[in-house]
Amino acid sequence: IIKNALRIIRRVHDVDIDLSTLPLDDTKTYELFQRGDTTGVFQLESAGMKRYLRALKPTVFEDIIAMVALYRPGPMQFIDSFIKRKHGEESITYLHEGLEPSLASTYGILIYQEQFMQISKDWSGFTGGQADTLRKAVGKKNIDLMKKVKPEFIEGAIKVSGASKEVAELFWDQLEEFANYSFNKSHAACYGLIAYWTAYLKAHYPEAFMAALMTSDQDDTDRLAIEMTECRHMGIDVLSPDVNESFVEFAVVPGKKQIRFGMAAVKGVGVGAVEEILRVRAEGRFDSIEDFASRVASNKVNKKSWESLVKAGAFDAFGDRSDLLFNLEDILAFASKLQKEKLSGQADLFGGLEDDSAVRSRLELKSAPQRYTEREQLMWERELMGLYISAHPLDNYDAFFEEQAIGLHHMSPTIDGQSITIGGLVTTMRTIVTKSGKKMAFVAIEDKTGETEIIVFPNLFEQLGQDLAQDKIIKATGRVSARDRDGNLGDEAKLIADEIAIISDKELRDYESTGRKMNAPKNRAPFRKRVSKDASATRTVAAVAQPVKPVEPVQEKTLYLRVENASDTDALLALKSACSAHPGNAEVVLVLGPEKKALRMPFRVSADIALTELLAASIGEDAVILK
């Protein structure tokens with residue numbers, strides 16, 4: 001992405017950027033971090049990370065390094081404290097004054113392996129070799145080696161720094177807990193530097209950076225949709241492909257806040273076809289459909305490429321898509337005939353009297369007897385490019401969705417448990433058969449503000465029948481769910497539907513605005529997971545800074561799935577498919593056959609209610625245990 005961005009910047013702005021010389025205190029870059037505008041920024045683009053960046057308001061490179069190291073299971077529990085200490089909202093204290101030189105840069109919180117290596121040298125008098133031995137023991141969770149080093153560490157702290165035995169042992173206990181998530185600063189710094197570079201490019205050359213980002217994700221329509229939304233947020237227009245302006249990849253339109261869709265990103269149009277178009281275009285822009293047909297080799301740009309380019313809007317400057325598709329056979333025949341004559345050296349009967357442009361003008365486009373609707377043309381765009389480019393199917397129905405539903409951008413864990421009404425266009429639909437033999441569905445919808453998933457249980461799904469399908473416009477009322485079966489708040493919100501109505505085009509067209517918009521739900525649920533209250537949990541490194549208030553670690557759950565018939569391949573594949581669609585941090589263990597053989601899976605899941613309900617419907621509620 002960086003390489004492509006630098007190439008685009010060089011071509012469009014005539015600027016050569018040497019990343020190694022970029023200042024690490026650039027104001028615009030830190031303003032971008034502080035706004036949380038980090039979509040596409042390496043390591044910093046998750047929703048949670050954006051939220052923390054907005055709260056932290058980074059001002060120095062050390063802040064970026066710390067966030068890279070902290071935003072992982074385990075040390076995440078210290079992020080709030082880290083932010084408060086940076087802004088003076090929480091006092092910075094140390095277990096012992098000798099720890100301050102090692103922990104001052106992270107506001108008294110132990111984050112990096114290098115910090116406890118420094119502590120072991122400065123506080124306990126370790127040599128460099130001894131400190132590295134300790135690092136290996138902690139990093140690899142080698143308990144035996146840590147027990148061997150412990151007496152030397154405690155004795156050194158007492159002799160070198162005058163610490164009491166109780167304080168030294170308390171710090172050692174916390175160091176053992178730190179072994180569960182220790183991170184080396186050098187690694188975080190490397191990640192942080194790449195994060196800074198990408199943020200710098202996005203802040204200073206937004207169009208070039210976003211074009212490079214979308215080029216890297218051109219085969220991933222989910223990512224493209226996110227990145228196009230980000231472009232709109234940045235005031236950048238993403239335009240349909242155009243045979244006179246597009247390239248193989250996404251390209252910046254010079255002098256404008258615009259990006260052209262890459263022609264190779266259109267399904268059915270290969271790189272070879274695009275390269276032929278670019279080769280001919282280098283000799284001069286195309287001025288008509290006849291000009292294009294006569295100059296571009298028909299054996300390299302075949303019928304499939306033509307059809308895809310027409311449907312994607314690449315020829316919109318030369319004619320209506322309906323007319324071009326209706327005349328496509330004639331256009332291709334014209335192109336083939338003209339190019340064969342050129343190759344064979346034959347002259348047209350009137351060749352001595354007319355020039356090439358006059359010959360080409362003989363191609364006359366007939367008006368198509370049937371016009372494709374705007375909705376149909378938008379569906380072509382989504383089919384060929386994965387998303388809508390020239391418009392959105394809901395563009396003409398803003399009043400309906402503002403007054404009859406809340407925007408999907410409001411769907412978040414902060415409104416967990418509330419009853420709401422949402423609406424939008426069905427983009428995908430997944431159906432499964434429950435253990436009782438009934439069908440239920442997981443319906444993905446989008447509006448102009450966002451997207452979400454609706455869970456439709458068997459009774460409601462049976463009522464809707466075949467009416468609920470992809471590309472239908474619906475309105476759904478139900479309860480927001482963002483918790484797993486144990487009540488832990490997750491990172492995603494879905495709607496468990498009580499009622500769904502299919503909205504017809506006529507109903508949308510005839511809708512009369514009332515002028516009263518539907519109120520957005522109030523945020524009520526805390527945006528965090530519950531923390532384990534196990535009194536026996538080991539005290540953590542938070543005690544380094546606040547020994548009187550030890551913070552207990554978040555306990556990661558394990559999802560156990562009981563499968564009686566270990567040879568039922570179809571059932572096992574169905575379980576794997578369901579789990580793959582819900583990635584997360586919870587481990588998965590299959591309990592197979594009458595012997596109850598436990599098999600740990602090589603992937604992790606988000607054990608939210610959507611997944612657990614899905615699995616329960618497939619193998620039975622008693623066969624799904626989260627603990």
# chains A, B, ... in the order shown; residues from 1 in each chain; ligands from 1

$ residues_around --residues "stretch 69-72 of chain A" --least-positions-apart "3" --cutoff "10 Å" --atoms "only C-alpha atoms" --output "ChimeraX atom specification"
/A:43-44,48-49,52,64-66,75-79,82,111-112,181-185,187-189,191-192

$ write_last_selection --atoms "N, CA, C and O atoms" --output "compact mmCIF listing (two decimals), in the first residue's frame"
# COMPACT_ATOMS: atom_id res chain seq x y z
N GLN A 43 -2.47 -1.28 11.79
CA GLN A 43 -2.62 -1.66 13.20
C GLN A 43 -3.61 -0.80 14.00
O GLN A 43 -3.93 -1.14 15.13
N LEU A 44 -4.10 0.30 13.43
CA LEU A 44 -4.89 1.24 14.24
C LEU A 44 -6.29 1.48 13.71
O LEU A 44 -6.89 2.50 14.02
N GLY A 48 -12.50 -0.28 18.21
CA GLY A 48 -12.02 -0.06 19.58
C GLY A 48 -10.79 0.81 19.61
O GLY A 48 -10.66 1.71 20.46
N MET A 49 -9.86 0.57 18.70
CA MET A 49 -8.64 1.37 18.65
C MET A 49 -8.95 2.83 18.33
O MET A 49 -8.37 3.75 18.93
N TYR A 52 -10.19 4.51 21.46
CA TYR A 52 -9.12 4.80 22.41
C TYR A 52 -8.22 5.94 21.93
O TYR A 52 -7.75 6.76 22.73
N ILE A 64 1.94 6.16 20.28
CA ILE A 64 1.54 5.20 19.24
C ILE A 64 2.13 3.83 19.53
O ILE A 64 1.45 2.80 19.42
N ILE A 65 3.40 3.81 19.94
CA ILE A 65 4.04 2.54 20.28
C ILE A 65 3.27 1.86 21.41
O ILE A 65 2.99 0.65 21.37
N ALA A 66 2.90 2.63 22.43
CA ALA A 66 2.20 2.08 23.59
C ALA A 66 0.84 1.50 23.19
O ALA A 66 0.45 0.43 23.65
N PRO A 75 -3.37 -6.85 28.25
CA PRO A 75 -3.01 -5.47 28.61
C PRO A 75 -4.09 -4.44 28.28
O PRO A 75 -3.99 -3.30 28.73
N MET A 76 -5.14 -4.82 27.53
CA MET A 76 -6.21 -3.87 27.22
C MET A 76 -6.81 -3.29 28.49
O MET A 76 -7.32 -2.17 28.49
N GLN A 77 -6.77 -4.06 29.59
CA GLN A 77 -7.37 -3.59 30.84
C GLN A 77 -6.67 -2.34 31.38
O GLN A 77 -7.20 -1.64 32.24
N PHE A 78 -5.46 -2.06 30.89
CA PHE A 78 -4.70 -0.90 31.39
C PHE A 78 -4.87 0.34 30.52
O PHE A 78 -4.34 1.39 30.84
N ILE A 79 -5.58 0.22 29.38
CA ILE A 79 -5.67 1.35 28.45
C ILE A 79 -6.35 2.55 29.09
O ILE A 79 -5.89 3.69 28.97
N PHE A 82 -3.99 4.21 31.39
CA PHE A 82 -2.93 4.86 30.62
C PHE A 82 -3.41 6.23 30.11
O PHE A 82 -2.70 7.24 30.19
N ILE A 111 4.55 -2.07 30.45
CA ILE A 111 3.99 -2.48 29.16
C ILE A 111 4.95 -3.38 28.39
O ILE A 111 4.53 -4.36 27.78
N TYR A 112 6.25 -3.07 28.42
CA TYR A 112 7.20 -3.73 27.52
C TYR A 112 8.16 -4.65 28.26
O TYR A 112 8.52 -4.43 29.42
N TYR A 181 1.15 -11.77 28.89
CA TYR A 181 0.92 -10.89 27.74
C TYR A 181 2.10 -9.98 27.44
O TYR A 181 1.97 -8.94 26.78
N SER A 182 3.29 -10.31 27.92
CA SER A 182 4.44 -9.43 27.73
C SER A 182 4.72 -9.19 26.25
O SER A 182 4.50 -10.07 25.41
N PHE A 183 5.20 -8.01 25.94
CA PHE A 183 5.40 -7.59 24.55
C PHE A 183 6.72 -6.82 24.48
O PHE A 183 7.04 -6.05 25.38
N ASN A 184 7.50 -7.05 23.42
CA ASN A 184 8.76 -6.30 23.33
C ASN A 184 8.54 -4.98 22.59
O ASN A 184 7.87 -4.92 21.57
N LYS A 185 9.12 -3.94 23.14
CA LYS A 185 8.90 -2.59 22.62
C LYS A 185 9.44 -2.45 21.20
O LYS A 185 8.88 -1.71 20.38
N HIS A 187 9.39 -4.50 18.81
CA HIS A 187 8.37 -4.99 17.87
C HIS A 187 7.26 -3.94 17.73
O HIS A 187 6.83 -3.59 16.62
N ALA A 188 6.77 -3.44 18.86
CA ALA A 188 5.71 -2.42 18.84
C ALA A 188 6.18 -1.16 18.12
O ALA A 188 5.39 -0.50 17.43
N ALA A 189 7.46 -0.82 18.28
CA ALA A 189 7.99 0.38 17.62
C ALA A 189 8.00 0.22 16.10
O ALA A 189 7.70 1.16 15.37
N TYR A 191 5.98 -1.73 14.34
CA TYR A 191 4.57 -1.61 13.93
C TYR A 191 4.12 -0.14 14.00
O TYR A 191 3.43 0.35 13.11
N GLY A 192 4.53 0.53 15.08
CA GLY A 192 4.13 1.92 15.25
C GLY A 192 4.68 2.82 14.16
O GLY A 192 4.01 3.76 13.72

$ residues_around --residues "stretch 220-232 of chain A" --least-positions-apart "5" --cutoff "8 Å" --atoms "only C-alpha atoms" --output "list in words"
Thr39, Gly40, Met210, Leu213, Met214, Asp237, Val238, Met385, Gly386 and Leu387 of chain A

$ closest_atom_pairs --of "stretch 99-195 of chain A" --to "stretch 92-95 of chain A" --cutoff "8 Å" --atoms "only C-alpha atoms" --output "tab-separated table"
residue	atom	partner	partner_atom	distance
A:Leu99	CA	A:Tyr94	CA	6.6
A:Glu100	CA	A:Tyr94	CA	6.6
A:Tyr107	CA	A:Ile92	CA	6.2
A:Gly108	CA	A:Ile92	CA	5.9
A:Val167	CA	A:Leu95	CA	7.2
A:Phe171	CA	A:Leu95	CA	7.7

$ select_by_dssp --residues "stretch 308-342 of chain A" --states "helix (DSSP H, G or I)" --output "list in words"
Ser308, Leu309, Val310, Lys311, Ala312, Asp316, Ala317, Phe318, Arg321, Ser322, Asp323, Leu324, Leu325, Phe326, Leu328, Glu329, Asp330, Ile331, Leu332, Ala333, Phe334, Ala335, Ser336, Lys337, Leu338, Gln339, Lys340, Glu341 and Lys342 of chain A

$ residues_around --residues "stretch 593-596 of chain A" --least-positions-apart "5" --cutoff "7 Å" --atoms "only C-alpha atoms" --output "compact mmCIF listing (two decimals) with N, CA, C and O atoms, in the first residue's frame"
# COMPACT_ATOMS: atom_id res chain seq x y z
N VAL A 563 -20.21 -33.12 20.02
CA VAL A 563 -20.64 -33.79 18.78
C VAL A 563 -20.63 -35.29 19.04
O VAL A 563 -19.57 -35.91 19.20
N GLU A 564 -21.82 -35.88 19.12
CA GLU A 564 -21.94 -37.30 19.45
C GLU A 564 -21.32 -38.20 18.39
O GLU A 564 -20.59 -39.13 18.68
N ASN A 565 -21.63 -37.88 17.11
CA ASN A 565 -21.15 -38.72 16.00
C ASN A 565 -19.92 -38.08 15.38
O ASN A 565 -20.01 -37.16 14.57
N ALA A 566 -18.75 -38.57 15.76
CA ALA A 566 -17.49 -37.97 15.29
C ALA A 566 -17.25 -38.20 13.81
O ALA A 566 -16.39 -37.56 13.20

$ residues_around --residues "A:Ala623" --least-positions-apart "2" --cutoff "6 Å" --atoms "only C-alpha atoms" --output "PDB file with N, CA and C atoms, in the first residue's frame"
ATOM      1  N   LEU A 561     -18.142 -27.598  22.153  1.00  0.00           N
ATOM      2  CA  LEU A 561     -19.193 -28.102  21.258  1.00  0.00           C
ATOM      3  C   LEU A 561     -19.205 -29.625  21.326  1.00  0.00           C
ATOM      4  N   ARG A 562     -20.316 -30.191  21.788  1.00  0.00           N
ATOM      5  CA  ARG A 562     -20.447 -31.643  21.944  1.00  0.00           C
ATOM      6  C   ARG A 562     -20.997 -32.250  20.663  1.00  0.00           C
ATOM      7  N   GLY A 620     -28.051 -28.670  18.994  1.00  0.00           N
ATOM      8  CA  GLY A 620     -28.791 -28.770  20.246  1.00  0.00           C
ATOM      9  C   GLY A 620     -28.237 -27.847  21.309  1.00  0.00           C
ATOM     10  N   GLU A 621     -29.131 -27.252  22.097  1.00  0.00           N
ATOM     11  CA  GLU A 621     -28.719 -26.267  23.095  1.00  0.00           C
ATOM     12  C   GLU A 621     -27.798 -26.876  24.148  1.00  0.00           C
TER      13      GLU A 621
END

$ residues_around --residues "A:Tyr200" --least-positions-apart "6" --cutoff "8 Å" --atoms "only C-alpha atoms" --output "list in words"
Asp26, Lys28 and Thr29 of chain A

$ write_last_selection --atoms "C-alpha atoms" --output "compact mmCIF listing (two decimals), in the first residue's frame"
# COMPACT_ATOMS: atom_id res chain seq x y z
CA ASP A 26 4.07 16.11 12.20
CA LYS A 28 -1.41 16.92 10.64
CA THR A 29 -0.56 13.30 11.35

$ atom_distance --atom1 "atom CA of A:Glu31" --atom2 "atom CA of A:Arg11"
26.6 Å

$ closest_residue --among "A:Thr612, A:Ser504, A:Gln404, A:Thr434" --to "A:Lys517" --atoms "only C-alpha atoms"
A:Gln404

$ residues_around --residues "A:Gly465" --least-positions-apart "5" --cutoff "12 Å" --atoms "only C-alpha atoms" --output "PDB file with all heavy atoms, in the first residue's frame"
ATOM      1  N   THR A 431     -29.331 -19.035   5.178  1.00  0.00           N
ATOM      2  CA  THR A 431     -30.344 -19.837   5.858  1.00  0.00           C
ATOM      3  C   THR A 431     -29.711 -21.118   6.391  1.00  0.00           C
ATOM      4  O   THR A 431     -28.789 -21.664   5.783  1.00  0.00           O
ATOM      5  CB  THR A 431     -31.511 -20.198   4.922  1.00  0.00           C
ATOM      6  OG1 THR A 431     -31.013 -20.945   3.815  1.00  0.00           O
ATOM      7  CG2 THR A 431     -32.206 -18.946   4.417  1.00  0.00           C
ATOM      8  N   LYS A 439     -36.355 -23.887   9.175  1.00  0.00           N
ATOM      9  CA  LYS A 439     -35.374 -22.948   8.638  1.00  0.00           C
ATOM     10  C   LYS A 439     -35.378 -21.639   9.422  1.00  0.00           C
ATOM     11  O   LYS A 439     -36.422 -21.151   9.840  1.00  0.00           O
ATOM     12  CB  LYS A 439     -35.651 -22.650   7.160  1.00  0.00           C
ATOM     13  CG  LYS A 439     -35.234 -23.742   6.201  1.00  0.00           C
ATOM     14  CD  LYS A 439     -35.407 -23.268   4.761  1.00  0.00           C
ATOM     15  CE  LYS A 439     -34.908 -24.308   3.767  1.00  0.00           C
ATOM     16  NZ  LYS A 439     -35.040 -23.832   2.373  1.00  0.00           N
ATOM     17  N   MET A 440     -34.183 -21.079   9.578  1.00  0.00           N
ATOM     18  CA  MET A 440     -34.038 -19.724  10.100  1.00  0.00           C
ATOM     19  C   MET A 440     -33.001 -19.015   9.234  1.00  0.00           C
ATOM     20  O   MET A 440     -32.347 -19.652   8.398  1.00  0.00           O
ATOM     21  CB  MET A 440     -33.615 -19.734  11.568  1.00  0.00           C
ATOM     22  CG  MET A 440     -32.260 -20.343  11.843  1.00  0.00           C
ATOM     23  SD  MET A 440     -31.766 -20.233  13.585  1.00  0.00           S
ATOM     24  CE  MET A 440     -31.468 -18.472  13.746  1.00  0.00           C
ATOM     25  N   ALA A 441     -32.874 -17.706   9.413  1.00  0.00           N
ATOM     26  CA  ALA A 441     -31.997 -16.949   8.501  1.00  0.00           C
ATOM     27  C   ALA A 441     -31.196 -15.884   9.232  1.00  0.00           C
ATOM     28  O   ALA A 441     -31.599 -15.377  10.284  1.00  0.00           O
ATOM     29  CB  ALA A 441     -32.835 -16.298   7.401  1.00  0.00           C
ATOM     30  N   VAL A 456     -33.293 -13.980  12.088  1.00  0.00           N
ATOM     31  CA  VAL A 456     -34.711 -14.288  11.862  1.00  0.00           C
ATOM     32  C   VAL A 456     -34.949 -15.736  12.271  1.00  0.00           C
ATOM     33  O   VAL A 456     -34.519 -16.670  11.583  1.00  0.00           O
ATOM     34  CB  VAL A 456     -35.102 -14.082  10.386  1.00  0.00           C
ATOM     35  CG1 VAL A 456     -36.605 -14.254  10.206  1.00  0.00           C
ATOM     36  CG2 VAL A 456     -34.664 -12.710   9.894  1.00  0.00           C
ATOM     37  N   PRO A 458     -37.134 -19.297  13.251  1.00  0.00           N
ATOM     38  CA  PRO A 458     -38.021 -20.089  12.369  1.00  0.00           C
ATOM     39  C   PRO A 458     -39.446 -19.592  12.228  1.00  0.00           C
ATOM     40  O   PRO A 458     -39.971 -19.549  11.109  1.00  0.00           O
ATOM     41  CB  PRO A 458     -37.968 -21.482  13.010  1.00  0.00           C
ATOM     42  CG  PRO A 458     -36.601 -21.559  13.607  1.00  0.00           C
ATOM     43  CD  PRO A 458     -36.347 -20.176  14.141  1.00  0.00           C
ATOM     44  N   ASN A 459     -40.111 -19.230  13.330  1.00  0.00           N
ATOM     45  CA  ASN A 459     -41.528 -18.840  13.225  1.00  0.00           C
ATOM     46  C   ASN A 459     -41.716 -17.634  12.310  1.00  0.00           C
ATOM     47  O   ASN A 459     -42.603 -17.612  11.452  1.00  0.00           O
ATOM     48  CB  ASN A 459     -42.096 -18.541  14.614  1.00  0.00           C
ATOM     49  CG  ASN A 459     -42.286 -19.801  15.427  1.00  0.00           C
ATOM     50  OD1 ASN A 459     -42.298 -20.907  14.870  1.00  0.00           O
ATOM     51  ND2 ASN A 459     -42.427 -19.657  16.740  1.00  0.00           N
ATOM     52  N   LEU A 460     -40.869 -16.614  12.490  1.00  0.00           N
ATOM     53  CA  LEU A 460     -40.965 -15.416  11.650  1.00  0.00           C
ATOM     54  C   LEU A 460     -40.529 -15.718  10.220  1.00  0.00           C
ATOM     55  O   LEU A 460     -41.152 -15.242   9.257  1.00  0.00           O
ATOM     56  CB  LEU A 460     -40.109 -14.295  12.241  1.00  0.00           C
ATOM     57  CG  LEU A 460     -40.076 -12.963  11.477  1.00  0.00           C
ATOM     58  CD1 LEU A 460     -41.475 -12.410  11.293  1.00  0.00           C
ATOM     59  CD2 LEU A 460     -39.188 -11.948  12.192  1.00  0.00           C
ATOM     60  N   ILE A 500     -40.886  -8.262  10.505  1.00  0.00           N
ATOM     61  CA  ILE A 500     -40.220  -7.766   9.296  1.00  0.00           C
ATOM     62  C   ILE A 500     -41.277  -7.486   8.232  1.00  0.00           C
ATOM     63  O   ILE A 500     -42.161  -8.324   7.978  1.00  0.00           O
ATOM     64  CB  ILE A 500     -39.207  -8.786   8.753  1.00  0.00           C
ATOM     65  CG1 ILE A 500     -38.033  -8.935   9.727  1.00  0.00           C
ATOM     66  CG2 ILE A 500     -38.675  -8.357   7.374  1.00  0.00           C
ATOM     67  CD1 ILE A 500     -36.979  -9.929   9.282  1.00  0.00           C
ATOM     68  N   ALA A 501     -41.195  -6.312   7.613  1.00  0.00           N
ATOM     69  CA  ALA A 501     -42.107  -5.950   6.522  1.00  0.00           C
ATOM     70  C   ALA A 501     -41.298  -5.729   5.252  1.00  0.00           C
ATOM     71  O   ALA A 501     -40.258  -5.066   5.281  1.00  0.00           O
ATOM     72  CB  ALA A 501     -42.883  -4.684   6.878  1.00  0.00           C
ATOM     73  N   ILE A 502     -41.767  -6.298   4.154  1.00  0.00           N
ATOM     74  CA  ILE A 502     -41.150  -6.072   2.852  1.00  0.00           C
ATOM     75  C   ILE A 502     -41.737  -4.791   2.274  1.00  0.00           C
ATOM     76  O   ILE A 502     -42.964  -4.661   2.146  1.00  0.00           O
ATOM     77  CB  ILE A 502     -41.410  -7.259   1.887  1.00  0.00           C
ATOM     78  CG1 ILE A 502     -41.102  -8.593   2.573  1.00  0.00           C
ATOM     79  CG2 ILE A 502     -40.597  -7.071   0.615  1.00  0.00           C
ATOM     80  CD1 ILE A 502     -39.669  -8.788   2.963  1.00  0.00           C
TER      81      ILE A 502
END

$ residues_around --residues "A:Asn585" --least-positions-apart "2" --cutoff "10 Å" --atoms "only C-alpha atoms" --output "list in words"
Pro73, Glu556, Lys557, Thr558, His582, Pro583, Glu587, Val588, Phe603, Arg604, Val605, Ser606 and Ala607 of chain A

$ write_last_selection --atoms "N, CA, C and O atoms" --output "compact mmCIF listing (two decimals), in the first residue's frame"
# COMPACT_ATOMS: atom_id res chain seq x y z
N PRO A 73 -5.54 -8.68 23.96
CA PRO A 73 -6.14 -9.31 25.15
C PRO A 73 -5.11 -9.35 26.28
O PRO A 73 -3.96 -9.72 26.09
N GLU A 556 -10.65 -15.03 29.33
CA GLU A 556 -11.15 -15.41 28.01
C GLU A 556 -11.97 -16.69 28.13
O GLU A 556 -11.59 -17.64 28.81
N LYS A 557 -13.11 -16.73 27.46
CA LYS A 557 -14.00 -17.88 27.50
C LYS A 557 -13.55 -18.96 26.52
O LYS A 557 -12.81 -18.69 25.57
N THR A 558 -14.02 -20.18 26.75
CA THR A 558 -13.81 -21.28 25.82
C THR A 558 -15.18 -21.83 25.43
O THR A 558 -16.05 -22.04 26.29
N HIS A 582 -17.68 -16.05 12.40
CA HIS A 582 -17.70 -15.23 13.63
C HIS A 582 -16.33 -15.24 14.30
O HIS A 582 -16.15 -15.80 15.38
N PRO A 583 -15.29 -14.68 13.67
CA PRO A 583 -13.95 -14.68 14.27
C PRO A 583 -13.91 -13.85 15.54
O PRO A 583 -14.63 -12.86 15.68
N GLU A 587 -11.60 -19.50 22.51
CA GLU A 587 -11.14 -20.77 21.98
C GLU A 587 -12.33 -21.71 21.74
O GLU A 587 -13.37 -21.59 22.39
N VAL A 588 -12.14 -22.66 20.81
CA VAL A 588 -13.19 -23.63 20.48
C VAL A 588 -12.65 -25.04 20.72
O VAL A 588 -11.57 -25.38 20.22
N PHE A 603 -8.63 -22.25 15.48
CA PHE A 603 -9.17 -20.91 15.24
C PHE A 603 -9.93 -20.47 16.48
O PHE A 603 -10.24 -21.28 17.37
N ARG A 604 -10.22 -19.19 16.56
CA ARG A 604 -10.99 -18.64 17.68
C ARG A 604 -12.23 -17.94 17.15
O ARG A 604 -12.28 -17.54 15.98
N VAL A 605 -13.22 -17.77 18.02
CA VAL A 605 -14.50 -17.21 17.59
C VAL A 605 -14.94 -16.09 18.52
O VAL A 605 -14.43 -15.94 19.63
N SER A 606 -15.90 -15.31 18.04
CA SER A 606 -16.59 -14.34 18.88
C SER A 606 -17.84 -15.03 19.39
O SER A 606 -18.80 -15.22 18.64
N ALA A 607 -17.84 -15.43 20.65
CA ALA A 607 -18.94 -16.25 21.18
C ALA A 607 -20.14 -15.39 21.55
O ALA A 607 -20.59 -15.37 22.69

$ atom_distance --atom1 "atom CA of A:Arg321" --atom2 "atom CA of A:Gly255"
28.3 Å

$ closest_residue --among "A:Asp447, A:Arg479, A:Pro23, A:Leu363" --to "A:Gln418" --atoms "only C-alpha atoms"
A:Arg479
